Amino acid sequence: MITLPGQIAKKLTKALRDELGDALPRDFCATVTVSQDLRYGDYQSNEAMVLAKVARRNPRELAQAVVAKLGDMTEAEVSLAGPGFINFRIKSEKYVECLMDMLRDERLGVPLVECPQKIVIDFSAPNVAKPMHVGHIRSTIIGDTLARLARFMGHTVITDNHIGDWGTQFGMILWGWKNLVDQAALEQHPIEVLLTTYKEVNKRCKEQPELLEACKSELVRLQSGDPDNLAIWKRCIEVTKTGLKKIYDQLDIHFDYWLGESFYNDALAPLVKDLMARGIARESEGAVCVFSDGFHAPQDDPFLVNKDGEWQPVPAIIRKADGGFLYATTDLATLDYRIREFQADSIWYVVGAPQEKHFKQIFDIARMRDITGDFRHVAFGSILGKDRRPFKTRDGETVSLQDVIDEAIERAARVVQEKSPDMPTDEKDAVAEAVGIGAIKFAELSQNRLSDYIFDWDKMLSLSGDTAPYLQNSYVRVRAIERKSGIPDFSVFLSDRACIRLSEDREINLAHALCRFAEVVPATLDDCRPNLLTAYLYDLARAFHSFYEACPVLRSEDSVRFSRLALCELTARVLKLGMSLLGIRMLERM
RNA sequence: GGCCUCGUAGUUCAAUGGAUAGAACGGCCCUCUCCUAAAGGGCAAAUACAGGUUCGAUUCCUGUCGGGGCUACCA
């Protein structure tokens with residue numbers, strides 16, 4: 001199935017080829033975009049103005065010629081405007097056809113990708129014994145949405161939670177476990193005790209440098225295989241995983257694998273040896289490093305930095321002078337494993353923007369090793385505090401993710417109590433959870449992925465305006481209409497009588513919005529930008545609410561009633577599917 | 001110092017080089033005998049500064065000012 005703008009683009013491409021002949025590149029494909037201002041049309045193309053330069057022709061004259069070549073289109077009325085815009089106003093019957101197609105299609109018109117890939121998505125990745133805080137929201141929620149989108153588009157997706165289960169924090173935890181922890185309390189509240197222990201040792205280390213040494217030696221003992229320390233370490237991971245899974249279940253986020261850093265432990269020494277043997281890595285100042293191989297121009301080289309007008313090496317260190325391995329070493333082993341064992345075509349790392357250089361180096365080392373694949377660092381901006389400075393993570397003042405979730409559900413519960421006091425308690429709880437968690441996810445996904453944003457309780461947990469509950473409410477409104485319509489099964493009812501008629505402005509607006517779903521979903525995944533989908537769904541819900549106020553459904557008759565019921569049902573389906581791609585639940589009542 | 005990134009209504013955010021820069025919150029007006037008012041309909045309000053590229057710049061380039069990040073043994 002081809003989207004509406006896709007059909008137009010195809011014909012436009014042909015018209016341009018007829019007009020320009022060989023001046024057009026062989027693989028040229030015209031783009032048709034949604035008009036910003038609906039007075040000009042529904043879709044527009046700027047190709048004439050862009051290509052006029054290449055063809056050395058007057059843009060308006062070229063556009064004129066292309067419009068003539070297009071002739072009468074079955075899809076749209078074509079017009080020419082300004083310096084060479086080609087505008088398309090979709091014919092009403094074409095919208096009707098599109099809506100009818102959607103009614104019969106489970107995918108609601110969204111095409112599958114032409115070349116399905118196997119994609120490993122690496123996201124969330126919290127550290128053991130340190131609970132998730134607001135800083136983990138972005139990776140966790142964006143990563144989950146990308147996984148859902150990619151699967152829906154037809155890719156094979158493997159989600160992998162690369163937890164930090166082998167870091168230097170274990171020195172402190174081990175020392176604390178042996179010297180501070182009350183074993184009885186640990187049995188009762190393992191996660192809380194683990195956290196307070198870590199915080200306490202961290203605090204003491206800052207005051208007593210000699211304690212830090214004790215912690216380091218605990219770490220060395222762990223890494224050299226001391227059975228006591230290994231047992232404690234394993235117990236920490238178990239406890240942490242149990243706690244994490246509770247949050248993930250609540251968020252409805254699940255992983256295919258939990259291959260943490262420790263999983264790659266045995267692969268590190270051979271990897272470094274291999275890199276040295278192949279001349280990719282060498283010793284420098286006692287450490288083993290990968291330096292630039294001169295493949296890139298200096299300004300694009302992730303292993304060089306300009307200092308006082310000269311290019312200085314910034315190697316990736318893969319083994320410390322003391323023999324220890326680092327983040328980069330583990331990531332190289334991880335990439336290796338994913339390509340070899342998972343047969344991945346592509347790996348997406350949903351990790352903050354500050355690590356851009358790290359990933360450039362990792363991907364470049366993969367190139368040096370002749371490992372090929374589509375490696376992407378899906379970066380995102382930082383979460384800032386009110387003072388516009390990065391949210392601090394080590395001052396103990398960070399808000400935990402669980403607190404954010406609890407607060408969101410609590411706020412939602414108050415609204416449910418206020419709006420629907422007669423609802424059964426069980427349902428109230430379910431609504432509060434879906435609304436609260438939906439609000440968090442939607443707020444996160446509405447942001448431009450790459451911009452920093454300021455964390456604000458009221459904004460993150462807002463329940464009115466451009467938020468998840470606004471969309472959930474439009475779905476609830478449809479469901480209320482459908483319940484009262486007395487029609488038992490909508491899929492049967494709608495397939496029996498194929499007729500939609502659009503006359504009111506608000507019906508046409510709604511129809512337009514519904515048909516756009518098919519083009520928005522692929523675009524969202526192409527750029528890894530969930531905010532395209534949230535913005536679209538909000539637009540759709542707005543069109544629906546507006547339609548709902550002006551166009552009575554159940555009180556209208558015959559074909560109008562049928563037509564409006566069909567619009568309602570399609571709105572519900574698009575909203576439900578769209579929100580499910582964002583990992584947000586819809587409700588029958590609220 | 002060098003490199004990267006960001007500066008948009010009072011506030012928080014949008015806008016593949018496109019036409020009159022969109023929303024939300026907050027502010028000010030309206031709308032519940034009517035399918036859930038968690039809603040709808042209005043009003044006021046913004047591209048840091050200075051140049052350049054072109055039919056056209058919030059977007060690309062240069063410079064200035066300001067925030068953040070990175071810049072060899074943390075992850």
# chains A, B, ... in the order shown; residues from 1 in each chain; ligands from 1
call {"tool": "select_by_dssp", "arguments": {"residues": "region 83-178 of chain A", "states": "strand (DSSP E or B)", "output": "ChimeraX atom specification"}}
result
/A:85-90,118-122,127,133,156-160,164
call {"tool": "interface_residues", "arguments": {"of": "chain B", "to": "chain A", "cutoff": "6 Å", "atoms": "only C-alpha atoms (C1' of nucleotides)", "output": "number ranges by chain"}}
result
B: 2, 24, 35, 69, 73
call {"tool": "write_last_selection", "arguments": {"atoms": "C-alpha atoms (C1' of nucleotides)", "output": "tab-separated table (two decimals), in the first residue's frame"}}
result
chain	number	residue	atom	x	y	z
B	2	G	C1'	40.34	23.84	20.37
B	24	A	C1'	0.75	23.96	25.61
B	35	C	C1'	-22.76	11.36	22.39
B	69	G	C1'	29.05	19.18	26.62
B	73	C	C1'	43.70	5.70	31.67
call {"tool": "residues_around", "arguments": {"residues": "Gln7 (chain A)", "least_positions_apart": "6", "cutoff": "12 Å", "atoms": "only C-alpha atoms (C1' of nucleotides)", "output": "VMD selection string"}}
result
chain A and resid 1 13 to 14 29 to 32 43 73 to 76 88 90 94 98 519
call {"tool": "closest_residue", "arguments": {"among": "B:C55, B:A39, B:A50, B:A45", "to": "U11 (chain B)", "atoms": "only C-alpha atoms (C1' of nucleotides)"}}
result
B:A45
call {"tool": "residues_around", "arguments": {"residues": "A44 (chain B)", "least_positions_apart": "2", "cutoff": "10 Å", "atoms": "only C-alpha atoms (C1' of nucleotides)", "output": "list in words"}}
result
A9, G27 and C28 of chain B
